[in-house]
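Asker: I'm passing along data.cif; it holds mmCIF, C-alpha atoms, pLDDT in the B column; chains and numbers go by the auth columns.
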```cif
data_query
loop_
_atom_site.group_PDB
_atom_site.id
_atom_site.type_symbol
_atom_site.label_atom_id
_atom_site.label_comp_id
_atom_site.label_asym_id
_atom_site.label_seq_id
_atom_site.Cartn_x
_atom_site.Cartn_y
_atom_site.Cartn_z
_atom_site.B_iso_or_equiv
_atom_site.auth_seq_id
_atom_site.auth_asym_id
ATOM 1 C CA MET A 1 8.195 13.418 -24.956 95.00 1337 A
ATOM 2 C CA ILE A 2 5.006 12.828 -22.956 98.00 1338 A
ATOM 3 C CA ARG A 3 1.747 12.473 -24.866 98.00 1339 A
ATOM 4 C CA ASN A 4 -1.693 10.922 -24.657 98.00 1340 A
ATOM 5 C CA ALA A 5 -1.635 7.224 -25.473 98.00 1341 A
ATOM 6 C CA LEU A 6 -3.083 6.100 -28.781 97.00 1342 A
ATOM 7 C CA PRO A 7 -4.669 2.686 -29.465 94.00 1343 A
ATOM 8 C CA GLY A 8 -1.562 1.772 -31.464 96.00 1344 A
ATOM 9 C CA ASP A 9 0.480 2.123 -28.237 98.00 1345 A
ATOM 10 C CA ALA A 10 -1.343 -0.715 -26.462 98.00 1346 A
ATOM 11 C CA LYS A 11 1.224 -3.374 -27.389 98.00 1347 A
ATOM 12 C CA ALA A 12 4.159 -1.230 -26.240 98.00 1348 A
ATOM 13 C CA ILE A 13 2.324 -0.328 -23.016 98.00 1349 A
ATOM 14 C CA ALA A 14 1.742 -4.030 -22.322 98.00 1350 A
ATOM 15 C CA GLN A 15 5.410 -4.780 -22.977 98.00 1351 A
ATOM 16 C CA VAL A 16 6.589 -1.974 -20.679 98.00 1352 A
ATOM 17 C CA HIS A 17 4.120 -3.210 -18.044 97.00 1353 A
ATOM 18 C CA VAL A 18 5.483 -6.763 -18.057 97.00 1354 A
ATOM 19 C CA SER A 19 9.150 -5.795 -18.399 97.00 1355 A
ATOM 20 C CA SER A 20 8.877 -3.243 -15.590 97.00 1356 A
ATOM 21 C CA TRP A 21 7.196 -5.747 -13.286 94.00 1357 A
ATOM 22 C CA GLN A 22 9.929 -8.266 -13.992 96.00 1358 A
ATOM 23 C CA ALA A 23 12.637 -5.745 -13.078 96.00 1359 A
ATOM 24 C CA ALA A 24 10.950 -3.874 -10.218 95.00 1360 A
ATOM 25 C CA TYR A 25 9.490 -6.863 -8.396 94.00 1361 A
ATOM 26 C CA ARG A 26 12.280 -9.424 -8.846 93.00 1362 A
ATOM 27 C CA ASP A 27 13.017 -9.406 -5.098 92.00 1363 A
ATOM 28 C CA LEU A 28 9.347 -9.286 -4.090 92.00 1364 A
ATOM 29 C CA MET A 29 7.691 -11.959 -6.230 93.00 1365 A
ATOM 30 C CA PRO A 30 8.670 -15.462 -7.328 92.00 1366 A
ATOM 31 C CA VAL A 31 10.875 -15.596 -10.427 92.00 1367 A
ATOM 32 C CA ASP A 32 8.609 -18.203 -12.050 94.00 1368 A
ATOM 33 C CA TYR A 33 5.624 -15.923 -11.648 95.00 1369 A
ATOM 34 C CA LEU A 34 7.467 -12.946 -13.132 96.00 1370 A
ATOM 35 C CA HIS A 35 8.654 -15.018 -16.107 95.00 1371 A
ATOM 36 C CA SER A 36 5.092 -16.233 -16.689 96.00 1372 A
ATOM 37 C CA LEU A 37 3.910 -12.653 -17.230 96.00 1373 A
ATOM 38 C CA GLY A 38 5.156 -12.821 -20.816 95.00 1374 A
ATOM 39 C CA ALA A 39 2.221 -15.117 -21.557 97.00 1375 A
ATOM 40 C CA THR A 40 -0.176 -12.310 -20.552 96.00 1376 A
ATOM 41 C CA LEU A 41 0.980 -9.817 -23.185 97.00 1377 A
ATOM 42 C CA ALA A 42 -1.921 -10.361 -25.600 97.00 1378 A
ATOM 43 C CA ARG A 43 -4.505 -10.001 -22.819 97.00 1379 A
ATOM 44 C CA ARG A 44 -2.810 -6.868 -21.499 97.00 1380 A
ATOM 45 C CA GLU A 45 -2.581 -5.370 -24.986 97.00 1381 A
ATOM 46 C CA ASP A 46 -6.311 -5.946 -25.468 97.00 1382 A
ATOM 47 C CA TYR A 47 -7.079 -4.355 -22.080 97.00 1383 A
ATOM 48 C CA TRP A 48 -4.960 -1.274 -22.792 97.00 1384 A
ATOM 49 C CA ASN A 49 -6.390 -0.902 -26.284 96.00 1385 A
ATOM 50 C CA ARG A 50 -9.918 -0.792 -24.839 96.00 1386 A
ATOM 51 C CA ALA A 51 -8.879 1.543 -21.995 96.00 1387 A
ATOM 52 C CA ILE A 52 -7.192 3.964 -24.382 97.00 1388 A
ATOM 53 C CA GLU A 53 -10.196 3.967 -26.724 96.00 1389 A
ATOM 54 C CA ALA A 54 -12.532 4.698 -23.794 96.00 1390 A
ATOM 55 C CA GLN A 55 -10.085 7.165 -22.211 93.00 1391 A
ATOM 56 C CA GLU A 56 -10.812 5.457 -18.900 93.00 1392 A
ATOM 57 C CA PRO A 57 -8.360 5.658 -17.268 96.00 1393 A
ATOM 58 C CA ARG A 58 -6.377 8.408 -18.957 97.00 1394 A
ATOM 59 C CA VAL A 59 -3.108 6.904 -20.174 98.00 1395 A
ATOM 60 C CA LEU A 60 -0.079 9.001 -20.993 98.00 1396 A
ATOM 61 C CA VAL A 61 3.111 7.595 -22.507 98.00 1397 A
ATOM 62 C CA ALA A 62 6.742 8.644 -22.469 98.00 1398 A
ATOM 63 C CA GLN A 63 8.528 8.286 -25.791 98.00 1399 A
ATOM 64 C CA VAL A 64 12.262 8.323 -26.412 97.00 1400 A
ATOM 65 C CA ASN A 65 13.412 8.017 -30.021 96.00 1401 A
ATOM 66 C CA GLU A 66 9.842 7.056 -31.009 95.00 1402 A
ATOM 67 C CA GLN A 67 9.830 4.135 -28.530 98.00 1403 A
ATOM 68 C CA VAL A 68 7.368 3.987 -25.625 98.00 1404 A
ATOM 69 C CA VAL A 69 9.580 3.650 -22.533 98.00 1405 A
ATOM 70 C CA GLY A 70 7.019 4.355 -19.829 98.00 1406 A
ATOM 71 C CA TRP A 71 3.419 5.187 -19.072 98.00 1407 A
ATOM 72 C CA ILE A 72 1.077 6.424 -16.366 98.00 1408 A
ATOM 73 C CA ALA A 73 -2.628 5.723 -15.916 98.00 1409 A
ATOM 74 C CA VAL A 74 -4.705 8.220 -13.927 98.00 1410 A
ATOM 75 C CA GLY A 75 -8.379 8.694 -13.214 96.00 1411 A
ATOM 76 C CA ALA A 76 -11.013 8.885 -10.525 93.00 1412 A
ATOM 77 C CA SER A 77 -10.119 7.061 -7.331 93.00 1413 A
ATOM 78 C CA ARG A 78 -11.513 3.544 -7.186 89.00 1414 A
ATOM 79 C CA ASP A 79 -10.952 3.453 -3.435 87.00 1415 A
ATOM 80 C CA GLU A 80 -14.146 3.535 -1.356 81.00 1416 A
ATOM 81 C CA ALA A 81 -12.147 4.555 1.728 78.00 1417 A
ATOM 82 C CA VAL A 82 -11.471 7.990 0.245 77.00 1418 A
ATOM 83 C CA ALA A 83 -15.055 8.763 -0.696 63.00 1419 A
ATOM 84 C CA GLY A 84 -16.049 12.381 -0.463 66.00 1420 A
ATOM 85 C CA GLY A 85 -14.260 15.176 -2.173 69.00 1421 A
ATOM 86 C CA ARG A 86 -12.675 15.008 -5.570 90.00 1422 A
ATOM 87 C CA VAL A 87 -9.942 12.399 -5.270 94.00 1423 A
ATOM 88 C CA GLY A 88 -8.046 11.063 -8.249 95.00 1424 A
ATOM 89 C CA GLU A 89 -5.809 8.035 -8.415 96.00 1425 A
ATOM 90 C CA VAL A 90 -2.546 7.109 -10.008 98.00 1426 A
ATOM 91 C CA LEU A 91 -3.604 3.619 -11.024 97.00 1427 A
ATOM 92 C CA ALA A 92 -0.159 2.707 -12.319 97.00 1428 A
ATOM 93 C CA ILE A 93 3.131 4.192 -13.449 98.00 1429 A
ATOM 94 C CA TYR A 94 5.795 2.057 -15.101 98.00 1430 A
ATOM 95 C CA VAL A 95 9.084 2.877 -16.774 98.00 1431 A
ATOM 96 C CA LEU A 96 11.530 0.473 -18.406 98.00 1432 A
ATOM 97 C CA ALA A 97 14.466 -0.233 -16.090 97.00 1433 A
ATOM 98 C CA ASP A 98 16.928 1.279 -18.575 98.00 1434 A
ATOM 99 C CA TYR A 99 15.150 4.616 -18.067 98.00 1435 A
ATOM 100 C CA TRP A 100 14.980 4.609 -14.265 96.00 1436 A
ATOM 101 C CA GLN A 101 16.565 7.715 -12.742 95.00 1437 A
ATOM 102 C CA THR A 102 16.602 9.565 -16.077 97.00 1438 A
ATOM 103 C CA GLY A 103 13.663 11.903 -15.412 97.00 1439 A
ATOM 104 C CA VAL A 104 11.160 9.865 -17.460 98.00 1440 A
ATOM 105 C CA GLY A 105 9.186 8.809 -14.377 97.00 1441 A
ATOM 106 C CA LEU A 106 9.091 12.357 -13.033 98.00 1442 A
ATOM 107 C CA ALA A 107 7.934 13.699 -16.405 98.00 1443 A
ATOM 108 C CA LEU A 108 5.123 11.120 -16.500 98.00 1444 A
ATOM 109 C CA TRP A 109 4.200 11.915 -12.886 98.00 1445 A
ATOM 110 C CA THR A 110 4.049 15.644 -13.607 97.00 1446 A
ATOM 111 C CA ALA A 111 1.876 15.132 -16.686 98.00 1447 A
ATOM 112 C CA GLY A 112 -0.451 12.803 -14.760 98.00 1448 A
ATOM 113 C CA LEU A 113 -0.825 15.320 -11.923 97.00 1449 A
ATOM 114 C CA GLN A 114 -1.561 18.113 -14.379 97.00 1450 A
ATOM 115 C CA TRP A 115 -4.298 16.027 -15.984 97.00 1451 A
ATOM 116 C CA LEU A 116 -5.847 15.242 -12.576 97.00 1452 A
ATOM 117 C CA GLN A 117 -5.759 18.931 -11.639 96.00 1453 A
ATOM 118 C CA GLN A 118 -7.357 19.917 -14.943 95.00 1454 A
ATOM 119 C CA GLN A 119 -10.199 17.510 -14.138 95.00 1455 A
ATOM 120 C CA GLY A 120 -10.762 19.292 -10.806 94.00 1456 A
ATOM 121 C CA TYR A 121 -9.337 16.702 -8.423 94.00 1457 A
ATOM 122 C CA ASP A 122 -8.042 18.145 -5.164 93.00 1458 A
ATOM 123 C CA GLY A 123 -6.123 15.077 -4.027 94.00 1459 A
ATOM 124 C CA LEU A 124 -4.786 11.772 -5.221 95.00 1460 A
ATOM 125 C CA THR A 125 -4.142 8.316 -3.898 96.00 1461 A
ATOM 126 C CA LEU A 126 -2.092 5.407 -5.108 97.00 1462 A
ATOM 127 C CA TRP A 127 -1.208 1.940 -3.853 97.00 1463 A
ATOM 128 C CA VAL A 128 2.346 0.645 -3.618 97.00 1464 A
ATOM 129 C CA LEU A 129 3.807 -2.663 -2.448 96.00 1465 A
ATOM 130 C CA SER A 130 5.204 -2.132 1.038 94.00 1466 A
ATOM 131 C CA GLY A 131 8.537 -3.708 0.044 93.00 1467 A
ATOM 132 C CA ASN A 132 8.971 -1.650 -3.129 95.00 1468 A
ATOM 133 C CA GLU A 133 11.545 0.756 -1.704 96.00 1469 A
ATOM 134 C CA ARG A 134 12.441 2.328 -5.072 96.00 1470 A
ATOM 135 C CA ALA A 135 8.821 3.332 -5.700 97.00 1471 A
ATOM 136 C CA ILE A 136 8.286 4.473 -2.112 97.00 1472 A
ATOM 137 C CA ARG A 137 11.335 6.765 -2.327 97.00 1473 A
ATOM 138 C CA PHE A 138 9.981 8.203 -5.585 97.00 1474 A
ATOM 139 C CA TYR A 139 6.500 8.825 -4.175 98.00 1475 A
ATOM 140 C CA ARG A 140 7.895 10.465 -1.037 98.00 1476 A
ATOM 141 C CA ARG A 141 10.212 12.636 -3.121 97.00 1477 A
ATOM 142 C CA VAL A 142 7.275 13.961 -5.184 97.00 1478 A
ATOM 143 C CA GLY A 143 5.242 14.815 -2.074 97.00 1479 A
ATOM 144 C CA CYS A 144 3.151 11.748 -1.269 97.00 1480 A
ATOM 145 C CA SER A 145 2.834 10.437 2.251 97.00 1481 A
ATOM 146 C CA GLU A 146 1.762 7.074 3.598 96.00 1482 A
ATOM 147 C CA ASP A 147 -1.848 6.798 4.693 93.00 1483 A
ATOM 148 C CA THR A 148 -1.156 5.071 8.005 89.00 1484 A
ATOM 149 C CA GLY A 149 -3.320 2.027 8.641 88.00 1485 A
ATOM 150 C CA SER A 150 -4.314 1.620 5.006 92.00 1486 A
ATOM 151 C CA GLU A 151 -2.606 -1.703 4.383 94.00 1487 A
ATOM 152 C CA ARG A 152 -4.327 -4.317 2.260 94.00 1488 A
ATOM 153 C CA GLY A 153 -3.232 -7.792 1.328 94.00 1489 A
ATOM 154 C CA LEU A 154 -2.994 -9.433 -2.056 93.00 1490 A
ATOM 155 C CA GLU A 155 -1.426 -12.524 -3.548 93.00 1491 A
ATOM 156 C CA ARG A 156 0.778 -12.774 -6.610 90.00 1492 A
ATOM 157 C CA GLY A 157 2.500 -15.946 -7.695 89.00 1493 A
ATOM 158 C CA GLY A 158 1.525 -17.740 -4.498 90.00 1494 A
ATOM 159 C CA VAL A 159 3.143 -15.080 -2.299 90.00 1495 A
ATOM 160 C CA SER A 160 1.200 -12.895 0.122 94.00 1496 A
ATOM 161 C CA LEU A 161 2.043 -9.237 -0.306 94.00 1497 A
ATOM 162 C CA VAL A 162 0.972 -6.012 1.363 96.00 1498 A
ATOM 163 C CA GLU A 163 0.101 -2.771 -0.387 96.00 1499 A
ATOM 164 C CA VAL A 164 -0.008 0.602 1.343 97.00 1500 A
ATOM 165 C CA ARG A 165 -2.010 3.616 0.209 96.00 1501 A
ATOM 166 C CA TYR A 166 -0.185 6.907 -0.282 97.00 1502 A
ATOM 167 C CA ARG A 167 -1.895 10.288 -0.582 95.00 1503 A
ATOM 168 C CA MET A 168 -1.115 13.707 -1.906 95.00 1504 A
ATOM 169 C CA SER A 169 -2.994 16.977 -1.913 94.00 1505 A
ATOM 170 C CA LEU A 170 -3.330 18.714 -5.247 93.00 1506 A
ATOM 171 C CA ALA A 171 -3.382 22.473 -5.303 76.00 1507 A
ATOM 172 C CA PRO A 172 -5.912 23.774 -7.828 66.00 1508 A
ATOM 173 C CA LEU A 173 -4.261 25.047 -11.015 60.00 1509 A
ATOM 174 C CA SER A 174 -5.770 28.505 -10.515 54.00 1510 A
ATOM 175 C CA LYS A 175 -3.940 28.896 -7.164 49.00 1511 A
ATOM 176 C CA GLN A 176 -0.520 27.920 -8.478 47.00 1512 A
ATOM 177 C CA ALA A 177 1.880 30.640 -9.494 42.00 1513 A
#
```
Show me, as structure tokens, the structure contained in the file I just sent.
Answerer:
Amino acid sequence: MIRNALPGDAKAIAQVHVSSWQAAYRDLMPVDYLHSLGATLARREDYWNRAIEAQEPRVLVAQVNEQVVGWIAVGASRDEAVAGGRVGEVLAIYVLADYWQTGVGLALWTAGLQWLQQQGYDGLTLWVLSGNERAIRFYRRVGCSEDTGSERGLERGGVSLVEVRYRMSLAPLSKQA
């Protein structure tokens, strides 16, 4: 079941966030750094509680047997390079590793896109680590394409990483059959 996040979901969202990072990025980031993320749970819970209360960004959760197993955060694009037009952003999407390839991620994606379309966005962007092949395959499968030349650097755990922007056009809801 996909639903809007509630403030009481903040702890579970934080736990999914950390657990998903630890599984998805184990070959991209130092193990010590990934293990240290557990110490950030309280801070992340506080952040997500405030974000959910403010509805900025919009957070949707996937529940299986009353347990939050994934979430997506969507909103207006924060990217100055895509100024002009109504562009939304998938700020993050995370699913517990046990639920990868079960349809949970696709259900979250679909719900996030529907919300963006309902808000009048005609396109979306997202950023993905260039070495995150699982995520890149997912984004390509759902219709996103790499925005060539959009690379940006960041550092996590003392390692330099590269993110790449992906884009997708959103057909207005009124034009879809």
Asker: Enter the distance from CA of Pro1393 (chain A) to CA of Leu1444 (chain A), in Å, rounded to one decimal.
Answerer: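 Atom-to-atom, CA of Pro1393 (chain A) and CA of Leu1444 (chain A) are spaced 14.6 Å apart.
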Asker: Using all atoms listed in the file for the distances, tell me which of A:Ser1505, A:Ser1486, A:Ser1481, A:Gly1493 is nearest to Gly1459 (chain A).
Answerer: A:Ser1505
Asker: Please determine an axis-aligned box that encloses all atoms of region 1483-1486 of chain A listed in the file, with 8 Å added on each side, and express its centre and edge lengths in Å to one decimal as lines of an AutoDock Vina configuration file.
Answerer:
```
center_x = -2.7
center_y = 4.2
center_z = 6.7
size_x = 19.2
size_y = 21.2
size_z = 19.9
```
Asker: Between A:Trp1436, A:Arg1492, A:Gln1450, A:Met1504, which residue has the minimum interatomic distance to Leu1373 (chain A), considering all atoms listed in the file?
Answerer: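 Closest to Leu1373 (chain A), using all atoms listed in the file: A:Arg1492.
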Asker: So which one's closest to Leu1506 (chain A), A:Gly1424, A:Gly1441, A:Gly1494, A:Gly1489? Using only C-alpha atoms, please.
Answerer: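 For Leu1506 (chain A), the nearest of the candidates is A:Gly1424.
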Asker: Could you tell me how far CA of Leu1462 (chain A) sits from CA of Val1500 (chain A), in Å to one decimal place?
Answerer: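 So the two atoms, CA of Val1500 (chain A) and CA of Leu1462 (chain A), lie 8.3 Å apart.
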Asker: Place a sphere of radius 12 Å on (-0.9, -11.1, -5.0) in the file coordinates and name every protein, DNA or RNA residue with an atom inside or on its surface, counting only C-alpha atoms; give the answer as a list in words.
Answerer: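 Residues satisfying the cut-off, written out: Tyr1361, Leu1364, Met1365, Pro1366, Tyr1369, Leu1370, Leu1465, Arg1488, Gly1489, Leu1490, Glu1491, Arg1492, Gly1493, Gly1494, Val1495, Ser1496, Leu1497, Val1498 and Glu1499 of chain A.
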Asker: I need the output of the PyMOL selection byres ((chain A and resi 1407) around 12) for this file as a PyMOL selection string; which residues are they?
Answerer: chain A and resi 1337-1342+1345-1346+1348-1353+1356+1384+1388+1393-1400+1403-1406+1408-1410+1426-1432+1435+1440-1448
Asker: In Å, rounded to a single decimal, give me how far CA of Asn1385 (chain A) is from CA of Lys1347 (chain A).
Answerer: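 CA of Asn1385 (chain A) lies at a distance of 8.1 Å from CA of Lys1347 (chain A).
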Asker: Taking only C-alpha atoms into account, which of A:Arg1476, A:Arg1501, A:Arg1470, A:Arg1379 comes nearest Ala1417 (chain A)?
Answerer: A:Arg1501
Asker: List the spatial neighbours of Val1418 (chain A) as a list of chain:residue names - criterion: any atom at most 10 Å away, all atoms listed in the file, same-chain residues fewer than 5 positions off excluded.
Answerer: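 Contacts, in chain order: A:Ser1413, A:Val1423, A:Gly1424, A:Gly1459, A:Leu1460, A:Thr1461, A:Arg1503.
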Asker: I'd like to know which of A:Trp1463, A:Trp1357, A:Phe1474, A:Tyr1502 is closest to Ser1372 (chain A), using all atoms listed in the file.
Answerer: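 That would be A:Trp1357, the residue with the smallest distance to Ser1372 (chain A).
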Asker: With distances taken over all atoms listed in the file, which of A:Asp1458, A:Leu1377, A:Asp1434, A:His1371 is nearest to Ala1412 (chain A)?
Answerer: A:Asp1458
Asker: Run through the PyMOL selection byres ((chain A and resi 1455) around 10) on the given coordinates and return the selected residues as a list in words.
Answerer: Gly1411, Ala1412, Arg1422, Gly1424, Leu1449, Gln1450, Trp1451, Leu1452, Gln1453, Gln1454, Gly1456, Tyr1457, Asp1458 and Pro1508 of chain A
Asker: Please supply region 1348-1370 of chain A, rebuilt with N, CA and C atoms, as a PDB file, in the coordinates of the input.
Answerer:
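Everything below was put into rebuild.pdb:
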```pdb
ATOM      1  N   ALA A1348       2.973  -1.741 -26.925  1.00 98.00           N
ATOM      2  CA  ALA A1348       4.159  -1.230 -26.240  1.00 98.00           C
ATOM      3  C   ALA A1348       3.888  -1.011 -24.756  1.00 98.00           C
ATOM      4  N   ILE A1349       2.694  -0.520 -24.420  1.00 98.00           N
ATOM      5  CA  ILE A1349       2.324  -0.328 -23.016  1.00 98.00           C
ATOM      6  C   ILE A1349       2.327  -1.669 -22.297  1.00 98.00           C
ATOM      7  N   ALA A1350       1.755  -2.691 -22.916  1.00 98.00           N
ATOM      8  CA  ALA A1350       1.742  -4.030 -22.322  1.00 98.00           C
ATOM      9  C   ALA A1350       3.165  -4.550 -22.120  1.00 98.00           C
ATOM     10  N   GLN A1351       4.022  -4.319 -23.093  1.00 98.00           N
ATOM     11  CA  GLN A1351       5.410  -4.780 -22.977  1.00 98.00           C
ATOM     12  C   GLN A1351       6.154  -4.049 -21.872  1.00 98.00           C
ATOM     13  N   VAL A1352       5.963  -2.740 -21.764  1.00 98.00           N
ATOM     14  CA  VAL A1352       6.589  -1.974 -20.679  1.00 98.00           C
ATOM     15  C   VAL A1352       6.061  -2.465 -19.336  1.00 98.00           C
ATOM     16  N   HIS A1353       4.756  -2.727 -19.265  1.00 97.00           N
ATOM     17  CA  HIS A1353       4.120  -3.210 -18.044  1.00 97.00           C
ATOM     18  C   HIS A1353       4.811  -4.482 -17.560  1.00 97.00           C
ATOM     19  N   VAL A1354       4.899  -5.474 -18.434  1.00 97.00           N
ATOM     20  CA  VAL A1354       5.483  -6.763 -18.057  1.00 97.00           C
ATOM     21  C   VAL A1354       6.967  -6.620 -17.745  1.00 97.00           C
ATOM     22  N   SER A1355       7.709  -5.955 -18.603  1.00 97.00           N
ATOM     23  CA  SER A1355       9.150  -5.795 -18.399  1.00 97.00           C
ATOM     24  C   SER A1355       9.453  -5.049 -17.096  1.00 97.00           C
ATOM     25  N   SER A1356       8.677  -4.020 -16.815  1.00 97.00           N
ATOM     26  CA  SER A1356       8.877  -3.243 -15.590  1.00 97.00           C
ATOM     27  C   SER A1356       8.586  -4.070 -14.347  1.00 97.00           C
ATOM     28  N   TRP A1357       7.509  -4.857 -14.409  1.00 94.00           N
ATOM     29  CA  TRP A1357       7.196  -5.747 -13.286  1.00 94.00           C
ATOM     30  C   TRP A1357       8.353  -6.709 -13.048  1.00 94.00           C
ATOM     31  N   GLN A1358       8.863  -7.281 -14.123  1.00 96.00           N
ATOM     32  CA  GLN A1358       9.929  -8.266 -13.992  1.00 96.00           C
ATOM     33  C   GLN A1358      11.177  -7.657 -13.361  1.00 96.00           C
ATOM     34  N   ALA A1359      11.471  -6.409 -13.659  1.00 96.00           N
ATOM     35  CA  ALA A1359      12.637  -5.745 -13.078  1.00 96.00           C
ATOM     36  C   ALA A1359      12.358  -5.221 -11.668  1.00 96.00           C
ATOM     37  N   ALA A1360      11.235  -4.542 -11.497  1.00 95.00           N
ATOM     38  CA  ALA A1360      10.950  -3.874 -10.218  1.00 95.00           C
ATOM     39  C   ALA A1360      10.606  -4.843  -9.098  1.00 95.00           C
ATOM     40  N   TYR A1361       9.986  -5.960  -9.434  1.00 94.00           N
ATOM     41  CA  TYR A1361       9.490  -6.863  -8.396  1.00 94.00           C
ATOM     42  C   TYR A1361      10.307  -8.140  -8.263  1.00 94.00           C
ATOM     43  N   ARG A1362      11.496  -8.182  -8.859  1.00 93.00           N
ATOM     44  CA  ARG A1362      12.280  -9.424  -8.846  1.00 93.00           C
ATOM     45  C   ARG A1362      12.635  -9.900  -7.440  1.00 93.00           C
ATOM     46  N   ASP A1363      12.718  -8.998  -6.469  1.00 92.00           N
ATOM     47  CA  ASP A1363      13.017  -9.406  -5.098  1.00 92.00           C
ATOM     48  C   ASP A1363      11.757  -9.539  -4.244  1.00 92.00           C
ATOM     49  N   LEU A1364      10.597  -9.262  -4.848  1.00 92.00           N
ATOM     50  CA  LEU A1364       9.347  -9.286  -4.090  1.00 92.00           C
ATOM     51  C   LEU A1364       8.419 -10.421  -4.486  1.00 92.00           C
ATOM     52  N   MET A1365       8.586 -10.918  -5.708  1.00 93.00           N
ATOM     53  CA  MET A1365       7.691 -11.959  -6.230  1.00 93.00           C
ATOM     54  C   MET A1365       8.514 -13.117  -6.782  1.00 93.00           C
ATOM     55  N   PRO A1366       7.928 -14.305  -6.812  1.00 92.00           N
ATOM     56  CA  PRO A1366       8.670 -15.462  -7.328  1.00 92.00           C
ATOM     57  C   PRO A1366       9.100 -15.280  -8.785  1.00 92.00           C
ATOM     58  N   VAL A1367      10.316 -15.716  -9.086  1.00 92.00           N
ATOM     59  CA  VAL A1367      10.875 -15.596 -10.427  1.00 92.00           C
ATOM     60  C   VAL A1367       9.987 -16.297 -11.451  1.00 92.00           C
ATOM     61  N   ASP A1368       9.476 -17.475 -11.114  1.00 94.00           N
ATOM     62  CA  ASP A1368       8.609 -18.203 -12.050  1.00 94.00           C
ATOM     63  C   ASP A1368       7.369 -17.382 -12.401  1.00 94.00           C
ATOM     64  N   TYR A1369       6.799 -16.751 -11.403  1.00 95.00           N
ATOM     65  CA  TYR A1369       5.624 -15.923 -11.648  1.00 95.00           C
ATOM     66  C   TYR A1369       5.967 -14.763 -12.579  1.00 95.00           C
ATOM     67  N   LEU A1370       7.072 -14.084 -12.302  1.00 96.00           N
ATOM     68  CA  LEU A1370       7.467 -12.946 -13.132  1.00 96.00           C
ATOM     69  C   LEU A1370       7.754 -13.377 -14.566  1.00 96.00           C
TER      70      LEU A1370
END
```
